[in-house]
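Listing of work_38.cif; format and content: mmCIF, C-alpha atoms.
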data_run
#
loop_
_atom_site.label_atom_id
_atom_site.label_comp_id
_atom_site.auth_asym_id
_atom_site.auth_seq_id
_atom_site.Cartn_x
_atom_site.Cartn_y
_atom_site.Cartn_z
CA MET A 1 -16.24 -34.67 49.37
CA THR A 2 -19.58 -36.25 50.11
CA LEU A 3 -21.98 -37.94 47.73
CA PHE A 4 -24.18 -34.83 47.88
CA SER A 5 -21.24 -32.67 46.80
CA TYR A 6 -20.67 -34.88 43.77
CA LEU A 7 -24.38 -34.72 42.90
CA LEU A 8 -24.37 -30.93 43.27
CA VAL A 9 -21.32 -30.54 41.05
CA THR A 10 -22.86 -32.86 38.47
CA ALA A 11 -26.09 -30.84 38.47
CA ALA A 12 -24.12 -27.59 38.18
CA VAL A 13 -22.13 -28.91 35.20
CA ILE A 14 -25.32 -30.07 33.48
CA MET A 15 -27.00 -26.70 34.06
CA LEU A 16 -23.90 -24.87 32.86
CA GLY A 17 -24.05 -26.94 29.69
CA LYS A 18 -27.73 -26.08 29.24
CA THR A 19 -26.92 -22.41 29.73
CA VAL A 20 -24.24 -22.52 27.03
CA TYR A 21 -26.63 -24.39 24.74
CA LYS A 22 -29.41 -21.83 25.25
CA TYR A 23 -26.95 -19.04 24.55
CA SER A 24 -25.79 -20.74 21.36
CA GLU A 25 -29.43 -21.10 20.29
CA LYS A 26 -29.93 -17.33 20.93
CA LYS A 27 -32.46 -18.03 23.70
CA PHE A 28 -30.27 -16.21 26.25
CA THR A 29 -28.59 -12.86 25.85
CA ALA A 30 -24.90 -12.61 26.69
CA ILE A 31 -25.71 -11.01 30.06
CA GLU A 32 -28.27 -13.69 30.94
CA ALA A 33 -25.83 -16.42 29.98
CA LEU A 34 -23.08 -14.77 32.02
CA VAL A 35 -25.28 -14.44 35.13
CA TRP A 36 -26.52 -18.03 34.92
CA SER A 37 -23.03 -19.32 34.22
CA ALA A 38 -21.69 -17.45 37.25
CA LEU A 39 -24.45 -18.99 39.37
CA TRP A 40 -23.64 -22.54 38.25
CA VAL A 41 -19.90 -22.03 38.65
CA GLY A 42 -20.60 -20.62 42.12
CA VAL A 43 -22.61 -23.72 43.02
CA GLY A 44 -19.68 -25.88 41.90
CA VAL A 45 -17.16 -23.85 43.90
CA ILE A 46 -19.34 -23.98 47.00
CA SER A 47 -19.57 -27.76 46.62
CA PHE A 48 -15.79 -28.12 46.47
CA ALA A 49 -14.95 -25.48 49.09
CA PRO A 50 -17.70 -25.19 51.70
CA ARG A 51 -15.26 -23.54 54.13
CA LEU A 52 -15.05 -20.60 51.73
CA VAL A 53 -18.75 -19.92 52.30
CA SER A 54 -18.25 -20.12 56.07
CA TRP A 55 -15.37 -17.66 55.78
CA LEU A 56 -17.49 -15.26 53.69
CA ALA A 57 -20.34 -15.60 56.19
CA GLY A 58 -17.97 -14.63 58.98
CA LEU A 59 -16.88 -11.55 57.02
CA VAL A 60 -20.44 -10.27 56.77
CA GLY A 61 -21.35 -11.20 60.34
CA ILE A 62 -23.45 -14.29 59.71
CA GLY A 63 -22.81 -17.29 61.93
CA ARG A 64 -22.86 -20.17 59.46
CA GLY A 65 -22.07 -20.51 55.79
CA VAL A 66 -25.32 -22.29 55.06
CA ASP A 67 -27.22 -19.34 56.52
CA LEU A 68 -25.44 -17.01 54.10
CA VAL A 69 -26.36 -19.25 51.17
CA ILE A 70 -30.00 -19.35 52.29
CA TYR A 71 -30.19 -15.55 52.76
CA VAL A 72 -28.64 -14.85 49.39
CA SER A 73 -30.88 -17.45 47.74
CA ILE A 74 -34.01 -15.94 49.25
CA LEU A 75 -32.98 -12.46 48.11
CA ALA A 76 -32.30 -13.76 44.60
CA LEU A 77 -35.66 -15.54 44.49
CA PHE A 78 -37.49 -12.40 45.63
CA TYR A 79 -35.73 -10.44 42.92
CA LEU A 80 -36.65 -13.01 40.27
CA VAL A 81 -40.28 -13.07 41.42
CA PHE A 82 -40.34 -9.27 41.22
CA ARG A 83 -38.93 -9.37 37.67
CA LEU A 84 -41.44 -12.03 36.64
CA PHE A 85 -44.33 -10.06 38.14
CA ASP A 86 -43.17 -6.93 36.30
CA ARG A 87 -42.93 -8.84 33.02
CA VAL A 88 -46.40 -10.37 33.47
CA GLU A 89 -47.81 -6.87 34.06
CA GLN A 90 -46.10 -5.60 30.89
CA LEU A 91 -47.47 -8.50 28.87
CA SER A 92 -50.93 -7.91 30.30
CA GLU A 93 -50.81 -4.26 29.25
CA GLU A 94 -49.58 -5.20 25.76
CA LEU A 95 -52.33 -7.81 25.40
CA THR A 96 -54.98 -5.33 26.53
CA SER A 97 -53.73 -2.77 24.03
CA PHE A 98 -53.67 -5.36 21.23
CA VAL A 99 -57.21 -6.56 22.01
CA ARG A 100 -58.49 -2.97 22.05
CA GLU A 101 -56.91 -2.22 18.69
CA LYS A 102 -58.26 -5.45 17.21
CA ALA A 103 -61.75 -4.72 18.56
CA ILE A 104 -61.68 -1.22 17.00
CA GLU A 105 -60.52 -2.67 13.66
CA ASP A 106 -63.26 -5.30 13.73
CA ALA A 107 -65.91 -2.69 14.64
CA ASP A 108 -64.90 -0.56 11.64
CA GLU A 109 -65.41 -3.43 9.19
#

Show me this structure written as structure tokens.
Amino acid sequence: MTLFSYLLVTAAVIMLGKTVYKYSEKKFTAIEALVWSALWVGVGVISFAPRLVSWLAGLVGIGRGVDLVIYVSILALFYLVFRLFDRVEQLSEELTSFVREKAIEDADE
């Protein structure tokens, strides 16, 4: 293993610990904690067994393992950006509705 692999595993263990902590503090749901935990465990496994990623890349027809990791990461980031955008839109609608109701209440007084 290289120094980078050790650093990556260390970061994954730290983030896994933070995920468990956030779940214990009820800041993550069980599903969120499970997804994040799977991600951090996956990062650790990839660090210890990079040939596994190359093998998986070959199965899906991608030349190099690092390319597979990059493609999957980009897809995951796009999905997260989409979810964040959707949530911001929902919050904007809720805020608009709240402000309208508050303005009507204040006008009646």

Item to complete: Might you spell out which residues the PyMOL selection byres ((chain A and resi 48-61) around 12) would select in the displayed file, as JSON, numbers by chain?
Response: {"A": [1, 2, 3, 4, 5, 6, 7, 8, 9, 10, 12, 41, 42, 43, 44, 45, 46, 47, 62, 63, 64, 65, 66, 67, 68, 69, 70, 71, 72]}

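The space between CA of Leu16 (chain A) and CA of Leu34 (chain A) spans 10.2 Å.
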
Fill in: Coordinates-based distance that separates CA of Trp36 (chain A) from CA of Val13 (chain A) (Å, one decimal)
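Going from CA of Val13 (chain A) over to CA of Trp36 (chain A) covers 11.7 Å.
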
Response to the item:
Expressed in Å, the length from CA of Tyr79 (chain A) to CA of Leu91 (chain A) is 18.4 Å

Would you kindly place all heavy atoms on region 51-62 of chain A and return the model as a short mmCIF file (atom, residue, chain, number, x, y, z; two decimals), in the frame of the given file?
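Result went into part38.cif, see below:
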data_model
loop_
_atom_site.label_atom_id
_atom_site.label_comp_id
_atom_site.auth_asym_id
_atom_site.auth_seq_id
_atom_site.Cartn_x
_atom_site.Cartn_y
_atom_site.Cartn_z
N ARG A 51 -15.87 -24.42 53.12
CA ARG A 51 -15.26 -23.54 54.13
C ARG A 51 -15.16 -22.11 53.62
O ARG A 51 -15.16 -21.17 54.42
CB ARG A 51 -13.89 -24.06 54.53
CG ARG A 51 -13.97 -25.36 55.30
CD ARG A 51 -12.58 -25.86 55.64
NE ARG A 51 -12.65 -27.23 56.08
CZ ARG A 51 -12.41 -27.60 57.32
NH1 ARG A 51 -12.06 -26.74 58.23
NH2 ARG A 51 -12.48 -28.88 57.64
N LEU A 52 -15.07 -21.95 52.32
CA LEU A 52 -15.05 -20.60 51.73
C LEU A 52 -16.33 -19.85 52.05
O LEU A 52 -16.30 -18.67 52.40
CB LEU A 52 -14.85 -20.70 50.21
CG LEU A 52 -14.89 -19.39 49.44
CD1 LEU A 52 -13.75 -18.47 49.85
CD2 LEU A 52 -14.86 -19.65 47.95
N VAL A 53 -17.46 -20.55 51.99
CA VAL A 53 -18.75 -19.92 52.30
C VAL A 53 -18.79 -19.56 53.78
O VAL A 53 -19.28 -18.49 54.15
CB VAL A 53 -19.92 -20.85 51.93
CG1 VAL A 53 -21.24 -20.21 52.27
CG2 VAL A 53 -19.87 -21.19 50.45
N SER A 54 -18.28 -20.43 54.64
CA SER A 54 -18.25 -20.12 56.07
C SER A 54 -17.37 -18.91 56.34
O SER A 54 -17.71 -18.04 57.16
CB SER A 54 -17.73 -21.31 56.86
OG SER A 54 -18.60 -22.40 56.73
N TRP A 55 -16.27 -18.81 55.63
CA TRP A 55 -15.37 -17.66 55.78
C TRP A 55 -16.07 -16.38 55.32
O TRP A 55 -16.01 -15.36 56.01
CB TRP A 55 -14.10 -17.90 54.97
CG TRP A 55 -13.14 -16.77 55.02
CD1 TRP A 55 -12.31 -16.43 56.05
CD2 TRP A 55 -12.91 -15.80 54.00
NE1 TRP A 55 -11.57 -15.32 55.73
CE2 TRP A 55 -11.93 -14.92 54.47
CE3 TRP A 55 -13.44 -15.61 52.73
CZ2 TRP A 55 -11.48 -13.84 53.71
CZ3 TRP A 55 -12.99 -14.56 51.98
CH2 TRP A 55 -12.01 -13.68 52.47
N LEU A 56 -16.76 -16.43 54.18
CA LEU A 56 -17.49 -15.26 53.69
C LEU A 56 -18.61 -14.88 54.66
O LEU A 56 -18.86 -13.69 54.89
CB LEU A 56 -18.09 -15.54 52.31
CG LEU A 56 -17.11 -15.59 51.15
CD1 LEU A 56 -17.81 -16.08 49.88
CD2 LEU A 56 -16.48 -14.24 50.93
N ALA A 57 -19.28 -15.88 55.22
CA ALA A 57 -20.34 -15.60 56.19
C ALA A 57 -19.77 -14.87 57.40
O ALA A 57 -20.37 -13.92 57.91
CB ALA A 57 -21.01 -16.90 56.62
N GLY A 58 -18.61 -15.30 57.86
CA GLY A 58 -17.97 -14.63 58.98
C GLY A 58 -17.62 -13.18 58.66
O GLY A 58 -17.73 -12.30 59.51
N LEU A 59 -17.21 -12.93 57.43
CA LEU A 59 -16.88 -11.55 57.02
C LEU A 59 -18.08 -10.61 57.10
O LEU A 59 -17.92 -9.45 57.44
CB LEU A 59 -16.34 -11.53 55.59
CG LEU A 59 -14.91 -11.97 55.37
CD1 LEU A 59 -14.57 -11.89 53.89
CD2 LEU A 59 -13.95 -11.10 56.17
N VAL A 60 -19.25 -11.12 56.76
CA VAL A 60 -20.44 -10.27 56.77
C VAL A 60 -21.23 -10.38 58.07
O VAL A 60 -22.30 -9.78 58.20
CB VAL A 60 -21.34 -10.54 55.55
CG1 VAL A 60 -20.65 -10.19 54.27
CG2 VAL A 60 -21.83 -11.97 55.53
N GLY A 61 -20.72 -11.13 59.02
CA GLY A 61 -21.35 -11.20 60.34
C GLY A 61 -22.46 -12.21 60.47
O GLY A 61 -23.33 -12.08 61.33
N ILE A 62 -22.46 -13.23 59.63
CA ILE A 62 -23.45 -14.29 59.71
C ILE A 62 -22.75 -15.51 60.29
O ILE A 62 -21.63 -15.84 59.91
CB ILE A 62 -24.06 -14.59 58.33
CG1 ILE A 62 -24.80 -13.35 57.82
CG2 ILE A 62 -24.99 -15.79 58.38
CD1 ILE A 62 -25.32 -13.47 56.42
#
